[in-house]
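> Just passing along the structure, written as structure tokens.
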Amino acid sequence: MKIEIRNLQAQIEDTPILKGVDLTMNSGEVHALMGPNGSGKSTLSNVMFGNETYEVTGGEILVDGQNILEMEPHERAQLGLFLAFQYPVEIPGVSVGRFLKRASEIRFENDESRTKSFVKRLRASMDFMEMEQSFINRYLNTGFSGGEKKRMEILQMLMLEPQFAILDETDSGLDIDALKIVSKGVNKLRNETDFGALVITHYQRILDHIKPDYVHIMYQGRIVTSGGHELVEALEAKGYDWVKKQHGIQEEEANEQPTG
């Protein structure tokens with residue numbers, strides 16, 4: 001799978017947030033996206049998955065050459081895309097087992113072996129994610145702790161095996177043990193399939209467990225620089241001031257507060 005984001009622009013309530021995002025990603029690659037609060041990182045993930053709160057005003061998102069901006073969210077998912085939410089929602093009345101079974105049936109509708117082995121795969125994946133089997137019968141995310149919700153996101157990903165996933169600040173609120181468990185789930189897919197991901201984060205710590213192939217820094221609705229892990233180390237050492245200076249970003253512009 002090849003994802004090409006070209007000059008993507010989006011706004012909310014007439015406030016521009018994304019101001020020309022360009023980014024190319026492929027299955028088999030892990031990209032990290034970093035940036036200060038309000039730079040547009042989470043907005044990018046929401047636009048990629050069709051959140052109607054945001055109005056796309058320009059550009060395109062191509063998946064294997066097909067523009068997905070007019071697709072419904074479920075149609076984007078059926079292409080092999082997956083979003084791990086920053087704030088996973090609770091769905092009372094729908095059990096984890098029922099939700100994952102139906103999602104798996106849709107994802108693997110032409111693979112009878114996958115549907116027949118669903119229970120076995122689910123139990124094995126829950127063991128791998130160090131989750132109690134009793135979660136199968138609990139309502140999805142209802143009454144879950146923050147860490148349990150994040151593990152559930154990765155469990156869904158393991159069961160559905162997307163070609164490319166967006167992890168929107170999946171590390172937020174996790175203690176070190178939960179972070180390691182979440183990371184090993186991502187790395188399992190990465191090691192066993194042609195899986196790719198965009199890891200949106202503020203912090204280096206998750207990138208110590210999920211090693212990115214590429215690192216991008218977003219500022220004021222644009223990706224202003226890209227490179228390797230040295231960018232993460234530079235941010236840890238110097239913060240974002242050097243980014244503003246290097247790219248001539250004016251302080252009054254930096255005070256704008258778009259979402260994401």
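By convention here, the chains of the structure tokens are called A, B, ... in the order presented, each chain's residues are numbered starting at 1, and ligands are numbered starting at 1 in the order presented.
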Counting only C-alpha atoms, which residues of range 56-148 of chain A fall within 7 Å of range 167-171 of chain A, and what is the closest atom pair for each with its distance in Å at one decimal, ordered by chain and rising number, as a tab-separated table?


```
residue	atom	partner	partner_atom	distance
A:Leu83	CA	A:Leu167	CA	6.2
A:Ala84	CA	A:Leu167	CA	4.9
A:Phe85	CA	A:Asp168	CA	5.7
A:Gln86	CA	A:Asp168	CA	5.0
```

> Would you mind exporting the chosen residues as an mmCIF file, in the first residue's frame, restricted to C-alpha atoms?


```cif
data_model
loop_
_atom_site.group_PDB
_atom_site.id
_atom_site.type_symbol
_atom_site.label_atom_id
_atom_site.label_comp_id
_atom_site.auth_asym_id
_atom_site.auth_seq_id
_atom_site.Cartn_x
_atom_site.Cartn_y
_atom_site.Cartn_z
ATOM 1 C CA LEU A 83 -6.920 4.320 13.216
ATOM 2 C CA ALA A 84 -5.979 3.851 16.878
ATOM 3 C CA PHE A 85 -7.818 6.704 18.558
ATOM 4 C CA GLN A 86 -6.216 9.161 20.925
#
```

> Taking the backbone alone, and naming residues the way the document does, which bits of range 23-190 of chain A are alpha helix (DSSP H) by DSSP, as a ChimeraX atom specification?

/A:41-48,73-78,96-107,112-116,118-128,146-160,176-190

> Please list as a list in words every residue within 9 Å of Thr193 in chain A, counting only C-alpha atoms and excluding residues in the same chain fewer than 4 positions away.

Gly28, Glu161, Gln163, Lys188 and Leu189 of chain A

> Taking 6 positions as the minimum chain separation for residues in the same chain, which residues sit within 10 Å of Glu72 in chain A when counting only C-alpha atoms? Answer as number ranges by chain.

A: 49-52

> Identify which of the residues A:Glu105, A:Glu90, A:Glu29, A:Asp127 lies closest to Arg190 in chain A, counting only C-alpha atoms when measuring atom-to-atom distances.

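Closest to Arg190 in chain A of all the choices is A:Glu29.
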